[in-house]
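First up is the structure itself, then whatever we jot down about it.
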Amino acid sequence: MQPLDGLRVVDFTTLLPGPLATLILAEAGAEVVKIERPEGGDEMRRYEPRLGQSSVNFALLNRGKRSIAIDLKAEGAVARLMPLLARADVVVEQFRPGVMERLGIGYEQLKAANPRLIYCAITGHGSDGPRADDAGHDLNYLAETGMLLLSAGSDGAPVVPPALIADIGGGAYPAVINILMALQRRASSGEGSRLDVSMSDNLFPFMYWAMGSGLVAGKWPRPGGELVTGGSPRYRVYRTSDDRFVAAAPLEDRFWKNFCDTIGLGEALRDDRRDPRATADAVSSLIGARAAAHWEAAFAGKDLCCSVAVTIEEAMRDPHFVARGLFAWGLAAGDRRIAAVPVPLAPEFRAAPSDLSYPALGEANAMLGDGKR
């Protein structure tokens, strides 16, 4: 039995944060019913490339869910949805503050019919405060919280991160954490909850070290100048002779000694407190004199926290990840099959590896009971 077997989640979210959160719940056994617009559904269905009738992005995030297509603004729409919402355990929504209330399905309105309901709102800036109604995307939230300026390229300008940190780390994961805690409390109290998940609020834990340095020592971090932003030779990316890259993170002294021994760094430069730049330049010269394959072999079996950077295509073929079964679950669309998103669940909480499809728009409209679209 999976931990969320028998749990029903009604999902009003689109794009990434909410759909990833509800995907994790679905992979843990919950029944997730996605509410979509009749005209086109979730915007992500239209993205490229496509897998079957929809975007592969949509397909990956909505594996194993169901879909109801309904115009929430149409006359009688709320009345048609209420029986489903009255039986739901969790509602997840991602509209701007106040939208669900204006539709007649905000938390207080639903609580009257379903006092055990866990209602989770995921927003960019939270349900209140001066920025509550501001539109934004991941990059905006990184800029507004100070995270973006902690990254810098060779010209000193901030670098656009390759991961959607606010959407996933600030939205999807905190939503799941809080939903599970609310369910645990409901098991004891019998009462539901309203959860306010702000993607921008939840970025600050990623910068705990920057806050501590600034608040206690008065040393607010600089891009490229701190321990984990490239300011130390012990935590840097070095270019190899064949234009590949070594990610070196031998922070602790024992790892640093093994690293220095392996690359042949002279004794005079091993105390990187004296002149960090000189040490970094020397390491860069040594790493840059050899190809990535040399360093990969040299680091093998050594205790020194160094890796040769690979592409995601190479990583998905890595024997380690393959052996752990990370991509054993599949996503099916017609006669095509690709690996499913490897959600952060312990394998014992998931069903046995299987191939599931994503929902066609409105395929579960019969759940409304009247057969209308």
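Please note that chains go A, B, ... in the order of the structure tokens, that every chain numbers its residues from 1, and that ligands are numbered from 1 in the order shown.
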
Could you pull out the alpha helix (DSSP H) residues of range 180-255 of chain A from DSSP and send them as a compact mmCIF listing (two decimals) with N, CA and C atoms, in the first residue's frame?
# COMPACT_ATOMS: atom_id res chain seq x y z
N LEU A 180 1.75 17.46 3.33
CA LEU A 180 1.92 16.25 4.13
C LEU A 180 1.83 16.56 5.63
N MET A 181 2.37 17.69 6.05
CA MET A 181 2.26 18.07 7.47
C MET A 181 0.81 18.38 7.83
N ALA A 182 0.09 19.03 6.92
CA ALA A 182 -1.33 19.33 7.18
C ALA A 182 -2.15 18.05 7.27
N LEU A 183 -1.82 17.07 6.44
CA LEU A 183 -2.53 15.79 6.50
C LEU A 183 -2.24 15.07 7.82
N GLN A 184 -1.01 15.18 8.29
CA GLN A 184 -0.66 14.55 9.57
C GLN A 184 -1.42 15.22 10.71
N ARG A 185 -1.51 16.55 10.68
CA ARG A 185 -2.26 17.24 11.73
C ARG A 185 -3.74 16.92 11.65
N ARG A 186 -4.27 16.81 10.42
CA ARG A 186 -5.68 16.47 10.27
C ARG A 186 -6.00 15.09 10.82
N ALA A 187 -5.04 14.18 10.71
CA ALA A 187 -5.25 12.83 11.23
C ALA A 187 -5.48 12.85 12.73
N SER A 188 -4.91 13.86 13.41
CA SER A 188 -5.09 13.98 14.86
C SER A 188 -6.26 14.86 15.24
N SER A 189 -6.41 15.99 14.51
CA SER A 189 -7.42 16.98 14.90
C SER A 189 -8.72 16.86 14.14
N TYR A 208 20.98 30.80 3.30
CA TYR A 208 21.20 30.91 4.75
C TYR A 208 22.60 31.40 5.06
N TRP A 209 23.59 30.90 4.31
CA TRP A 209 24.98 31.26 4.56
C TRP A 209 25.24 32.74 4.26
N ALA A 210 24.59 33.25 3.21
CA ALA A 210 24.75 34.66 2.85
C ALA A 210 24.12 35.56 3.91
N MET A 211 22.95 35.16 4.41
CA MET A 211 22.30 35.92 5.47
C MET A 211 23.16 35.94 6.73
N GLY A 212 23.70 34.79 7.09
CA GLY A 212 24.52 34.71 8.29
C GLY A 212 25.76 35.57 8.20
N SER A 213 26.43 35.53 7.06
CA SER A 213 27.64 36.31 6.88
C SER A 213 27.35 37.81 6.96
N GLY A 214 26.25 38.21 6.34
CA GLY A 214 25.93 39.63 6.35
C GLY A 214 25.42 40.12 7.69
N LEU A 215 24.54 39.35 8.32
CA LEU A 215 23.93 39.80 9.57
C LEU A 215 24.90 39.77 10.75
N VAL A 216 25.80 38.80 10.77
CA VAL A 216 26.70 38.65 11.91
C VAL A 216 28.05 39.32 11.69
N ALA A 217 28.64 39.11 10.52
CA ALA A 217 29.98 39.65 10.27
C ALA A 217 29.96 40.94 9.45
N ASP A 253 39.96 19.93 4.69
CA ASP A 253 41.42 19.80 4.54
C ASP A 253 41.84 18.43 4.02
N ARG A 254 41.18 17.36 4.48
CA ARG A 254 41.59 16.03 4.03
C ARG A 254 41.34 15.85 2.55
N PHE A 255 40.23 16.41 2.05
CA PHE A 255 39.95 16.33 0.63
C PHE A 255 40.92 17.22 -0.15

Using only C-alpha atoms, which residues of range 100-178 of chain A come within 12 Å of range 335-350 of chain A, and what is the closest atom pair for each, with the distance in Å to one decimal? Give it as CSV, sorted by chain and residue number.
residue,atom,partner,partner_atom,distance
A:Ile168,CA,A:Val343,CA,11.4
A:Gly169,CA,A:Pro344,CA,11.9
A:Ala172,CA,A:Val343,CA,11.2
A:Tyr173,CA,A:Pro344,CA,9.3
A:Val176,CA,A:Pro344,CA,10.8
A:Ile177,CA,A:Pro344,CA,11.7

Keeping only C-alpha atoms, take the residues you just selected and write them out as a tab-separated table (two decimals), in the first residue's frame.
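Once written, part38.tsv looks like this:
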chain	number	residue	atom	x	y	z
A	168	ILE	CA	10.68	23.74	-7.84
A	169	GLY	CA	12.65	24.55	-4.68
A	172	ALA	CA	6.61	22.53	-5.64
A	173	TYR	CA	8.70	21.02	-2.85
A	176	VAL	CA	4.33	18.93	-0.84
A	177	ILE	CA	6.04	19.29	2.54

| task | Pick out the residues sitting within 8 Å of range 282-284 of chain A, and hand them over as number ranges by chain; count only C-alpha atoms, and ignore anything fewer than 6 positions along from it in its own chain. | result | A: 233, 238-239, 263, 265, 269

File dump, residues just selected, N, CA and C atoms, as a CSV table (one decimal), in the first residue's frame:
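Result file follows (again16.csv):
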chain,number,residue,atom,x,y,z
A,233,PRO,N,39.7,28.6,-4.2
A,233,PRO,CA,40.1,27.6,-5.1
A,233,PRO,C,39.6,26.2,-4.8
A,238,TYR,N,37.0,24.3,-13.2
A,238,TYR,CA,38.3,24.5,-13.9
A,238,TYR,C,38.1,23.9,-15.3
A,239,ARG,N,38.7,24.6,-16.3
A,239,ARG,CA,38.6,24.1,-17.7
A,239,ARG,C,39.8,23.1,-18.0
A,263,ILE,N,46.8,16.4,-8.3
A,263,ILE,CA,47.1,17.3,-9.4
A,263,ILE,C,48.5,17.7,-9.4
A,265,LEU,N,50.0,19.9,-7.1
A,265,LEU,CA,50.1,21.3,-6.7
A,265,LEU,C,51.3,21.4,-5.7
A,269,LEU,N,51.9,26.6,-2.4
A,269,LEU,CA,50.6,27.2,-2.8
A,269,LEU,C,49.4,26.4,-2.1

| said: Quick check, in Å to one decimal: how far apart do CA of Ser354 in chain A and CA of Leu60 in chain A lie? | reply: 14.0 Å
